[in-house]
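Following: one structure in structure tokens, then a few remarks.
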Amino acid sequence: MMMIIAEFFVVILKVLWSFVTAGARWVVQPKEKSVAGQVCVITGAGSGLGRLFAKEFARRRAVLVLWDINSQSNEETAEMVREIYRETETPAATDGPVGGVEEVPAFKPQVYTYVCDVGKRESVYSTAEKVRREVGEVDILINNAGVVSGHHLLECPDELIERTMVVNCHAHFWTTKAFLPKMLELNHGHIVTVASSLGLFSTAGVEDYCASKFGAIGFHESLSHEIKASEKDGINMTLVCPYLVNTGMFKGCRIRKEIEPFLPPLSPEFCVKQAMRAILTDQPMVCTPRIIYMVNFMKSILPFEAIVCMYRFLGADKCMYPFLAQRKEAMNNNEAKNGI
């Protein structure tokens, strides 16, 4: 009994110390780790946040492996990465030894592109095998690919619901199963889950999207505990939960106009810079903006009716309705053009 009591007090001390260290990170920024020469796989790299992640890792001289279902947009991202490599390239070494010491040629990172539909596990596994064979073992995995159906639940075809769940959630299982075994063997790696604030708290009209992001976060948290339980301290996990990002994915989404100046959509560049800081300092989770932490906490302690009142005050209860209406109108216009 005394052992349990003693251990309980040790746990309390560790919990208090974790608060101290977490608070210290807000005051003194931890040093960012180097990812130069490390192999980084980014899913959904052809546009949006995936493209920006690729550019940020390129500036840090990582070897980029870009996955996207769209070959053309993926190659466009790759060309941007090559241009960054050229801009950040160190000056060429002089011919011959300098001062009797032979200079080692500077490392030149490369970028590789693969067409992969992460919604199909066979495509994920076969592409992962190509990466291992042609590039090498993966150090960093950025699970970024995502889709949104843009329909109210009762108007959404079952196929689109399944597609949303598969791409936004199930694909994380498959990419992780493909690359985690070697990370565990080497006790080295980093897995990043790009989720959403809509995986922490929900709103009306995007049931499939919210469910997929809740699932992705649940998967990430469970995997984090499994890695901790296996005592593989060389493998890190980072969960990225941004508020609405101005990538066009949710074009038309609006909260109450009086509130919007205080909580505007995030610029993609700001979102990725915050995420990169978290990744490079091995931060377990980053919510952008920081008010998302408070909203998530309040959701956990307030009665549901209180949350509904707050949603209505902020205009968050129907914030997706303009977006859904625009998507429906665009679909109707396309059907009319095609003579359907």
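Labels used: A, B, ... for chains in the order of the structure tokens, numbers from 1 for residues in each chain, and numbers from 1 for ligands as shown.
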**Prompt:** Can you list every residue in region 208-317 of chain A that DSSP puts in helix (DSSP H, G or I), as a VMD selection string?
**Reply:** chain A and resid 208 to 229 260 to 262 268 to 280 291 to 301 304 to 314
Give me, as CSV, each residue of region 44-90 of chain A that comes within 12 Å of region 176-195 of chain A, together with its shortest interatomic pair and the distance in Å at one decimal, counting only C-alpha atoms, with rows ordered by chain and rising residue number.
residue,atom,partner,partner_atom,distance
A:Gly44,CA,A:Val194,CA,10.7
A:Leu49,CA,A:Val194,CA,9.2
A:Gly50,CA,A:Val194,CA,9.6
A:Phe53,CA,A:Val194,CA,10.8
Please produce, as CSV, a per-residue contact table for region 31-136 of chain A versus region 255-270 of chain A (criterion: any atom at most 12 Å away, only C-alpha atoms considered), showing the nearest atom pair and its distance in Å to one decimal, sorted by chain then residue number.
residue,atom,partner,partner_atom,distance
A:Ser47,CA,A:Pro268,CA,10.8
A:Gly48,CA,A:Pro268,CA,7.3
A:Leu49,CA,A:Pro268,CA,6.3
A:Gly50,CA,A:Pro268,CA,10.0
A:Arg51,CA,A:Pro268,CA,10.1
A:Leu52,CA,A:Glu269,CA,7.0
A:Phe53,CA,A:Glu269,CA,9.2
A:Ala54,CA,A:Glu269,CA,11.9
A:Lys55,CA,A:Glu269,CA,10.5
A:Glu56,CA,A:Glu269,CA,9.7
**Request:** Using DSSP on the backbone, list every residue of region 181-287 of chain A that comes out as strand (DSSP E), and give them as number ranges by chain.
**Result:** A: 189-194, 235-242, 285-287
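Excluding Ser123 (chain A) itself and same-chain residues fewer than 3 positions from it, the residues having an atom within 12 Å of it are Trp67, Asp68, Ile69, Tyr114, Val115, Cys116, Asp117, Val118, Gly119, Lys120, Ser126, Thr127, Ala128, Glu129, Lys130, Ala171, Trp174, Thr175 and Ala178 of chain A, counting only C-alpha atoms.
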**Message:** Report as an NGL selection string all protein, DNA and RNA residues lying within 8 Å of Val41 (chain A), evaluated on only C-alpha atoms, omitting residues in the same chain fewer than 6 positions from it.
**Reply:** :A and (64-67 or 138 or 140-142)
With N, CA, C and O atoms retained, export the selected residues as a PDB file, in the first residue's frame.
ATOM      1  N   LEU A  64      12.542  15.446 -50.357  1.00  0.00           N
ATOM      2  CA  LEU A  64      11.086  15.475 -50.435  1.00  0.00           C
ATOM      3  C   LEU A  64      10.541  14.350 -51.299  1.00  0.00           C
ATOM      4  O   LEU A  64      11.025  14.116 -52.418  1.00  0.00           O
ATOM      5  N   VAL A  65       9.532  13.657 -50.773  1.00  0.00           N
ATOM      6  CA  VAL A  65       8.795  12.634 -51.512  1.00  0.00           C
ATOM      7  C   VAL A  65       7.344  13.087 -51.536  1.00  0.00           C
ATOM      8  O   VAL A  65       6.653  13.062 -50.513  1.00  0.00           O
ATOM      9  N   LEU A  66       6.899  13.537 -52.695  1.00  0.00           N
ATOM     10  CA  LEU A  66       5.588  14.165 -52.828  1.00  0.00           C
ATOM     11  C   LEU A  66       4.567  13.187 -53.395  1.00  0.00           C
ATOM     12  O   LEU A  66       4.768  12.626 -54.475  1.00  0.00           O
ATOM     13  N   TRP A  67       3.472  13.012 -52.660  1.00  0.00           N
ATOM     14  CA  TRP A  67       2.367  12.156 -53.105  1.00  0.00           C
ATOM     15  C   TRP A  67       1.154  13.018 -53.403  1.00  0.00           C
ATOM     16  O   TRP A  67       0.788  13.890 -52.610  1.00  0.00           O
ATOM     17  N   VAL A 138      11.956   6.113 -44.855  1.00  0.00           N
ATOM     18  CA  VAL A 138      11.324   7.403 -44.579  1.00  0.00           C
ATOM     19  C   VAL A 138      11.553   7.816 -43.124  1.00  0.00           C
ATOM     20  O   VAL A 138      11.385   7.017 -42.203  1.00  0.00           O
ATOM     21  N   ILE A 140      10.281  11.113 -41.988  1.00  0.00           N
ATOM     22  CA  ILE A 140       9.166  11.975 -41.589  1.00  0.00           C
ATOM     23  C   ILE A 140       7.970  11.684 -42.495  1.00  0.00           C
ATOM     24  O   ILE A 140       8.108  11.650 -43.724  1.00  0.00           O
ATOM     25  N   LEU A 141       6.818  11.468 -41.878  1.00  0.00           N
ATOM     26  CA  LEU A 141       5.580  11.226 -42.623  1.00  0.00           C
ATOM     27  C   LEU A 141       4.573  12.315 -42.283  1.00  0.00           C
ATOM     28  O   LEU A 141       4.199  12.481 -41.118  1.00  0.00           O
ATOM     29  N   ILE A 142       4.156  13.066 -43.294  1.00  0.00           N
ATOM     30  CA  ILE A 142       3.158  14.126 -43.116  1.00  0.00           C
ATOM     31  C   ILE A 142       1.839  13.645 -43.725  1.00  0.00           C
ATOM     32  O   ILE A 142       1.670  13.649 -44.944  1.00  0.00           O
TER      33      ILE A 142
END
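Pairwise distance (CA of Gly150 (chain A), CA of Thr247 (chain A)) equals 14.7 Å.
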**Distance query region 32-35 of chain A at most 6 Å, only C-alpha atoms, self and fewer than 3 positions along chain excluded, as a ChimeraX atom specification** = /A:38,62,280-281
**Given only C-alpha atoms as the counted atoms, nearest of A:Leu314, A:Cys241, A:Cys169, A:Met249 to Ala211 (chain A)** = A:Cys169
**Prompt:** What is the distance, in Å and to one decimal place, between CA of Arg86 (chain A) and CA of Val111 (chain A)?
**Reply:** 12.0 Å
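All residues of protein, DNA or RNA that reach within 12 Å of Lys108 (chain A), judged by only C-alpha atoms and not counting those fewer than 4 positions away in the chain, are Ala36, Gly37, Gln38, Ala58, Arg60, Arg61, Ala62, Val63, Leu64, Arg82, Ile84, Tyr85, Arg86, Glu87, Thr88, Glu89, Thr90, Pro91, Ala92 and Val104 of chain A.
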Saved selection, atoms kept: C-alpha atoms, as a PDB file, in the first residue's frame:
ATOM      1  CA  ALA A  36      18.579  18.204 -43.634  1.00  0.00           C
ATOM      2  CA  GLY A  37      19.024  15.006 -45.614  1.00  0.00           C
ATOM      3  CA  GLN A  38      16.036  13.307 -43.991  1.00  0.00           C
ATOM      4  CA  ALA A  58      12.829  22.152 -48.928  1.00  0.00           C
ATOM      5  CA  ARG A  60      15.559  23.048 -44.576  1.00  0.00           C
ATOM      6  CA  ARG A  61      17.225  20.766 -47.150  1.00  0.00           C
ATOM      7  CA  ALA A  62      15.090  17.678 -46.554  1.00  0.00           C
ATOM      8  CA  VAL A  63      14.689  15.039 -49.273  1.00  0.00           C
ATOM      9  CA  LEU A  64      11.086  15.475 -50.435  1.00  0.00           C
ATOM     10  CA  ARG A  82      13.760  22.385 -57.017  1.00  0.00           C
ATOM     11  CA  ILE A  84      14.194  26.453 -53.507  1.00  0.00           C
ATOM     12  CA  TYR A  85      16.982  23.857 -53.565  1.00  0.00           C
ATOM     13  CA  ARG A  86      18.815  25.948 -56.162  1.00  0.00           C
ATOM     14  CA  GLU A  87      18.365  29.152 -54.148  1.00  0.00           C
ATOM     15  CA  THR A  88      19.619  27.583 -50.931  1.00  0.00           C
ATOM     16  CA  GLU A  89      22.453  25.635 -52.523  1.00  0.00           C
ATOM     17  CA  THR A  90      25.840  26.194 -50.894  1.00  0.00           C
ATOM     18  CA  PRO A  91      28.599  27.600 -53.145  1.00  0.00           C
ATOM     19  CA  ALA A  92      30.416  24.955 -55.156  1.00  0.00           C
ATOM     20  CA  VAL A 104      33.594  16.822 -49.028  1.00  0.00           C
TER      21      VAL A 104
END
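Taking CA of Pro30 (chain A) and CA of Gln274 (chain A) as the two end points, the separation is 13.5 Å.
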**Request:** Could you give me, as a ChimeraX atom specification, the residues within 8 Å of Cys287 (chain A), counting only C-alpha atoms and dropping anything in the same chain fewer than 3 positions from it?
**Result:** /A:197,240-243,290,292-293
Filtering to N, CA and C atoms, could you give me those residues as a PDB file, in the first residue's frame?
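Below is the file result15.pdb, written as the result:
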ATOM      1  N   SER A 197      -9.563  21.754 -36.478  1.00  0.00           N
ATOM      2  CA  SER A 197     -10.318  22.072 -35.265  1.00  0.00           C
ATOM      3  C   SER A 197     -11.671  21.378 -35.283  1.00  0.00           C
ATOM      4  N   VAL A 240      -1.695  18.425 -35.755  1.00  0.00           N
ATOM      5  CA  VAL A 240      -1.917  19.799 -36.207  1.00  0.00           C
ATOM      6  C   VAL A 240      -3.416  20.034 -36.353  1.00  0.00           C
ATOM      7  N   CYS A 241      -3.948  20.976 -35.572  1.00  0.00           N
ATOM      8  CA  CYS A 241      -5.395  21.259 -35.588  1.00  0.00           C
ATOM      9  C   CYS A 241      -5.640  22.737 -35.851  1.00  0.00           C
ATOM     10  N   PRO A 242      -5.678  23.141 -37.117  1.00  0.00           N
ATOM     11  CA  PRO A 242      -5.924  24.558 -37.413  1.00  0.00           C
ATOM     12  C   PRO A 242      -7.415  24.874 -37.479  1.00  0.00           C
ATOM     13  N   TYR A 243      -7.716  26.127 -37.229  1.00  0.00           N
ATOM     14  CA  TYR A 243      -9.044  26.688 -37.481  1.00  0.00           C
ATOM     15  C   TYR A 243      -9.218  26.780 -39.000  1.00  0.00           C
ATOM     16  N   ARG A 290      -4.436  30.049 -30.914  1.00  0.00           N
ATOM     17  CA  ARG A 290      -4.377  29.421 -29.599  1.00  0.00           C
ATOM     18  C   ARG A 290      -5.728  29.379 -28.898  1.00  0.00           C
ATOM     19  N   ILE A 292      -8.231  28.066 -29.869  1.00  0.00           N
ATOM     20  CA  ILE A 292      -8.807  26.732 -30.105  1.00  0.00           C
ATOM     21  C   ILE A 292      -8.595  25.842 -28.884  1.00  0.00           C
ATOM     22  N   TYR A 293      -7.471  26.013 -28.183  1.00  0.00           N
ATOM     23  CA  TYR A 293      -7.244  25.238 -26.956  1.00  0.00           C
ATOM     24  C   TYR A 293      -8.350  25.524 -25.945  1.00  0.00           C
TER      25      TYR A 293
END
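Comparing A:Ile5, A:Glu207, A:Phe173, A:Met276 by their smallest distance to Leu154 (chain A), the closest is A:Glu207 (using only C-alpha atoms).
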